[in-house]
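Student: Structure file entry_3.pdb (PDB, C-alpha atoms) is given on the next line.
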```
ATOM      1  CA  MET W   1       8.029  26.848 -51.061
ATOM      2  CA  ALA W   2      11.155  25.874 -49.254
ATOM      3  CA  GLY W   3      12.165  23.314 -51.906
ATOM      4  CA  CYS W   4      12.372  26.011 -54.621
ATOM      5  CA  ALA W   5      15.105  27.971 -52.822
ATOM      6  CA  GLY W   6      17.576  25.187 -53.487
ATOM      7  CA  LYS W   7      17.163  23.487 -50.160
ATOM      8  CA  PRO W   8      14.980  20.423 -49.776
ATOM      9  CA  PRO W   9      12.324  20.621 -47.052
ATOM     10  CA  VAL W  10      13.524  19.234 -43.775
ATOM     11  CA  ALA W  11      11.255  16.577 -42.303
ATOM     12  CA  SER W  12      11.179  16.494 -38.558
ATOM     13  CA  ALA W  13      12.142  13.176 -37.063
ATOM     14  CA  PRO W  14       9.342  11.408 -35.214
ATOM     15  CA  GLN W  15       9.653  11.924 -31.488
ATOM     16  CA  PRO W  16       9.246   8.905 -29.230
ATOM     17  CA  VAL W  17       6.222   9.006 -26.980
ATOM     18  CA  PRO W  18       7.228   8.320 -23.381
ATOM     19  CA  ALA W  19       5.492   5.328 -21.884
ATOM     20  CA  LYS W  20       2.984   6.201 -19.193
ATOM     21  CA  PRO W  21       3.896   4.480 -15.928
ATOM     22  CA  ALA W  22       1.286   2.086 -14.616
ATOM     23  CA  ARG W  23       1.384   3.714 -11.176
ATOM     24  CA  PRO W  24       2.855   6.991  -9.980
ATOM     25  CA  VAL W  25       6.277   6.710  -8.415
ATOM     26  CA  VAL W  26       6.288   7.537  -4.726
ATOM     27  CA  GLN W  27       9.523   9.131  -3.553
ATOM     28  CA  LYS W  28      10.175   9.909   0.080
ATOM     29  CA  SER W  29      13.360  10.807   1.847
ATOM     30  CA  PRO W  30      14.838   7.811   3.640
ATOM     31  CA  GLU W  31      14.008   7.312   7.295
ATOM     32  CA  PRO W  32      16.274   5.391   9.630
ATOM     33  CA  LEU W  33      15.172   1.790  10.035
ATOM     34  CA  ALA W  34      14.513   0.180  13.380
ATOM     35  CA  THR W  35      17.587  -1.378  14.990
ATOM     36  CA  ASP W  36      15.972  -4.816  15.196
ATOM     37  CA  ARG W  37      14.751  -5.482  11.639
ATOM     38  CA  ARG W  38      11.955  -7.773  12.912
ATOM     39  CA  GLU W  39      10.577  -5.097  15.247
ATOM     40  CA  VAL W  40       8.227  -2.596  13.643
ATOM     41  CA  SER W  41       6.145  -1.502  16.599
ATOM     42  CA  PRO W  42       3.017   0.632  16.290
ATOM     43  CA  VAL W  43       3.603   4.320  16.909
ATOM     44  CA  PRO W  44       1.670   5.636  19.942
ATOM     45  CA  GLY W  45      -0.932   8.293  19.101
ATOM     46  CA  VAL W  46      -1.238   7.243  15.430
ATOM     47  CA  PRO W  47      -4.398   5.346  14.416
ATOM     48  CA  LEU W  48      -3.849   1.594  14.209
ATOM     49  CA  TRP W  49      -6.113  -0.166  11.709
ATOM     50  CA  ARG W  50      -7.035  -3.866  11.887
ATOM     51  CA  TRP W  51      -7.862  -5.636   8.621
ATOM     52  CA  GLU W  52     -11.367  -7.087   8.927
ATOM     53  CA  SER W  53     -12.449  -8.117   5.424
ATOM     54  CA  TRP W  54     -11.889  -7.880   1.712
ATOM     55  CA  ASP W  55     -14.204  -7.866  -1.253
ATOM     56  CA  GLN W  56     -13.115  -9.690  -4.385
ATOM     57  CA  HIS W  57     -15.265 -10.111  -7.483
ATOM     58  CA  GLY W  58     -18.349  -9.130  -5.486
ATOM     59  CA  LYS W  59     -17.781 -11.716  -2.759
ATOM     60  CA  MET W  60     -17.034 -10.626   0.834
ATOM     61  CA  HIS W  61     -14.283 -12.516   2.697
ATOM     62  CA  LEU W  62     -13.754 -12.142   6.453
ATOM     63  CA  VAL W  63     -10.213 -12.216   7.822
ATOM     64  CA  SER W  64     -10.002 -15.240  10.136
ATOM     65  CA  LYS W  65      -7.543 -13.627  12.590
ATOM     66  CA  PRO W  66      -7.852  -9.855  12.093
ATOM     67  CA  GLU W  67      -5.646  -9.097  15.122
ATOM     68  CA  LYS W  68      -2.696 -10.440  13.095
ATOM     69  CA  TYR W  69      -3.105  -7.839  10.300
ATOM     70  CA  THR W  70      -2.579  -4.182  11.153
ATOM     71  CA  LEU W  71      -1.746  -0.985   9.298
ATOM     72  CA  GLN W  72      -0.553   2.425  10.468
ATOM     73  CA  LEU W  73      -0.370   5.400   8.107
ATOM     74  CA  LEU W  74       2.098   7.872   9.618
ATOM     75  CA  ALA W  75       1.762  11.600   8.917
ATOM     76  CA  ASN W  76       5.195  11.757   7.248
ATOM     77  CA  GLY W  77       4.161   9.448   4.366
ATOM     78  CA  TRP W  78       5.566   6.274   5.901
ATOM     79  CA  LEU W  79       3.508   3.268   6.963
ATOM     80  CA  LYS W  80       3.973   0.296   9.249
ATOM     81  CA  PHE W  81       2.171  -3.018   8.991
ATOM     82  CA  SER W  82       2.001  -6.493  10.404
ATOM     83  CA  ALA W  83       0.685  -9.530   8.575
ATOM     84  CA  GLU W  84       0.835 -12.754  10.580
ATOM     85  CA  CYS W  85       4.532 -12.999  11.508
ATOM     86  CA  LEU W  86       5.607 -10.407   8.933
ATOM     87  CA  LYS W  87       6.480  -6.937  10.131
ATOM     88  CA  GLY W  88       7.157  -4.250   7.592
ATOM     89  CA  GLU W  89       7.331  -0.674   6.479
ATOM     90  CA  GLY W  90       6.485   1.215   3.359
ATOM     91  CA  ILE W  91       5.625   4.583   1.926
ATOM     92  CA  TYR W  92       2.363   6.055   0.769
ATOM     93  CA  GLU W  93       1.159   9.187  -0.951
ATOM     94  CA  THR W  94      -2.328  10.617  -1.214
ATOM     95  CA  HIS W  95      -3.946  13.121  -3.561
ATOM     96  CA  GLY W  96      -7.575  13.755  -2.651
ATOM     97  CA  ASP W  97      -9.114  10.290  -2.358
ATOM     98  CA  ARG W  98      -6.308   8.616  -4.332
ATOM     99  CA  ILE W  99      -3.586   6.613  -2.607
ATOM    100  CA  VAL W 100      -0.410   4.892  -3.773
ATOM    101  CA  ILE W 101       1.300   2.424  -1.435
ATOM    102  CA  ALA W 102       4.702   0.780  -1.813
ATOM    103  CA  VAL W 103       6.055  -1.742   0.682
ATOM    104  CA  THR W 104       9.758  -0.976   1.129
ATOM    105  CA  ARG W 105      10.723  -3.799   3.479
ATOM    106  CA  SER W 106       9.252  -6.711   5.356
ATOM    107  CA  ASP W 107      10.833  -9.274   7.608
ATOM    108  CA  ALA W 108       9.334 -12.552   8.736
ATOM    109  CA  GLY W 109      12.109 -13.481  11.104
ATOM    110  CA  ARG W 110      12.192 -17.268  11.201
ATOM    111  CA  CYS W 111       8.561 -17.905  10.346
ATOM    112  CA  ARG W 112       6.955 -18.480   6.979
ATOM    113  CA  PRO W 113       3.930 -16.256   6.246
ATOM    114  CA  GLY W 114       0.876 -17.830   4.669
ATOM    115  CA  PRO W 115      -1.042 -16.903   1.525
ATOM    116  CA  THR W 116      -3.305 -14.481   3.419
ATOM    117  CA  ALA W 117      -0.271 -12.411   4.458
ATOM    118  CA  GLU W 118       0.909 -12.333   0.857
ATOM    119  CA  HIS W 119      -2.591 -11.292  -0.261
ATOM    120  CA  PHE W 120      -2.593  -8.528   2.370
ATOM    121  CA  ILE W 121       0.663  -7.017   1.055
ATOM    122  CA  GLN W 122      -0.314  -7.374  -2.606
ATOM    123  CA  SER W 123      -3.663  -5.724  -1.892
ATOM    124  CA  LEU W 124      -2.030  -2.819  -0.048
ATOM    125  CA  GLU W 125       0.154  -2.181  -3.081
ATOM    126  CA  ALA W 126      -2.853  -2.461  -5.425
ATOM    127  CA  ALA W 127      -4.857   0.179  -3.539
ATOM    128  CA  SER W 128      -5.830   3.167  -5.680
ATOM    129  CA  HIS W 129      -8.423   5.034  -3.592
ATOM    130  CA  TYR W 130      -9.305   5.303   0.080
ATOM    131  CA  HIS W 131     -11.923   6.761   2.380
ATOM    132  CA  ARG W 132     -12.763   6.747   6.079
ATOM    133  CA  SER W 133     -16.244   6.390   7.463
ATOM    134  CA  GLY W 134     -17.592   5.577  10.931
ATOM    135  CA  GLY W 135     -14.310   4.368  12.447
ATOM    136  CA  ARG W 136     -13.447   2.337   9.353
ATOM    137  CA  LEU W 137     -10.830   2.680   6.627
ATOM    138  CA  PHE W 138     -11.595   1.406   3.133
ATOM    139  CA  LEU W 139      -8.983   0.813   0.430
ATOM    140  CA  ASP W 140     -10.330   0.352  -3.093
ATOM    141  CA  LEU W 141      -8.168  -1.891  -5.260
ATOM    142  CA  GLY W 142      -8.661  -0.128  -8.586
ATOM    143  CA  ARG W 143      -8.292  -2.256 -11.691
ATOM    144  CA  ASN W 144      -7.977  -5.414  -9.608
ATOM    145  CA  GLY W 145     -11.464  -4.808  -8.276
ATOM    146  CA  GLY W 146     -12.672  -5.200  -4.769
ATOM    147  CA  GLY W 147     -11.395  -3.556  -1.647
ATOM    148  CA  MET W 148     -10.073  -3.918   1.880
ATOM    149  CA  SER W 149     -11.912  -2.892   5.046
ATOM    150  CA  PHE W 150     -10.151  -1.966   8.284
ATOM    151  CA  SER W 151     -11.516  -1.114  11.733
ATOM    152  CA  LEU W 152      -9.887   1.380  14.075
ATOM    153  CA  LEU W 153      -8.266  -0.169  17.137
ATOM    154  CA  PRO W 154      -8.546   1.760  20.383
ATOM    155  CA  ASP W 155      -5.329   3.293  21.773
TER     156      ASP W 155
END
```
Can you turn what I pasted into C-alpha cells?

Tutor:
Amino acid sequence: MAGCAGKPPVASAPQPVPAKPARPVVQKSPEPLATDRREVSPVPGVPLWRWESWDQHGKMHLVSKPEKYTLQLLANGWLKFSAECLKGEGIYETHGDRIVIAVTRSDAGRCRPGPTAEHFIQSLEAASHYHRSGGRLFLDLGRNGGGMSFSLLPD
C-alpha cells in the first residue's frame, strides 16, 4: 500500500481525448497556379469526366447541361473542374475505394454561378467513396447519401 509509506497515492490526471476529425486532412505540396486565374484548362492525356446525374434520397436527377460540368483527377493528387462559369482546382487523396476531395480555389470571373454549380462543388467535397465501371466514374456521397455519376469524354 503506497499510502502506508507516508506518501499519499498519486492519482493520475484525466487525459483529454482528442476529437476525431470529421474528414481526413488532405495535405499536398503546393503547385504553381495558372497565370490567368480564370483559366483552368483540361490537361491533355488525362481522363476528362462529364457530370451526367446525381442521386439524392433515392431520386435520380439528370444534369441539364452536362457539358458545363467537368472533372479531371490528375495523377499527382490535384484536380481540375469546371461548373458552369466556375473554373477551379483542388486536391484529392484515395485509399482503396475511399476518396477525400477538397476544393482549393475557384474563380467565376465576372459571372455568377447558379445553385447547380454550388451543388456540384459541395457534392465533390462530400464524396467518400468512388469506383469506375464501363467508362463511368461514380462518387458516393457518404453520410449525405446519394452519389454523382460521370461519363468519360473522348480525348

Student: Could you tell me which residues the PyMOL selection byres ((chain W and resi 107-118) around 12) grabs in this file, written as a ChimeraX atom specification?

Tutor: /W:34,36-40,51,53-54,61-66,68-70,80-89,103-106,119-125

Student: Check what the PyMOL selection byres ((chain W and resi 138-150) around 8) selects in the file above and give those residues as a PyMOL selection string.

Tutor: chain W and resi 49-58+123-124+126-132+136-137+151-152

Student: Would you compute the distance between atom CA of Leu153 of chain W and atom CA of Pro42 of chain W? Give it in Å to one decimal.

Tutor: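 According to the coordinates, atom CA of Leu153 of chain W and atom CA of Pro42 of chain W are separated by 11.3 Å.
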
Student: Using the chain letters and numbers from the file, give me the residues hit by the PyMOL selection byres ((chain W and resi 77) around 8), as a count of residues only.

Tutor: 10

Student: Suppose you want the space between atom CA of Val46 of chain W and atom CA of Asp155 of chain W; what is it in Å?

Tutor: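 Pair atom CA of Val46 of chain W / atom CA of Asp155 of chain W returns 8.5 Å.
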
Student: Between atom CA of Gly90 of chain W and atom CA of Leu71 of chain W, what is the distance, to one decimal in Å?

Tutor: 10.4 Å
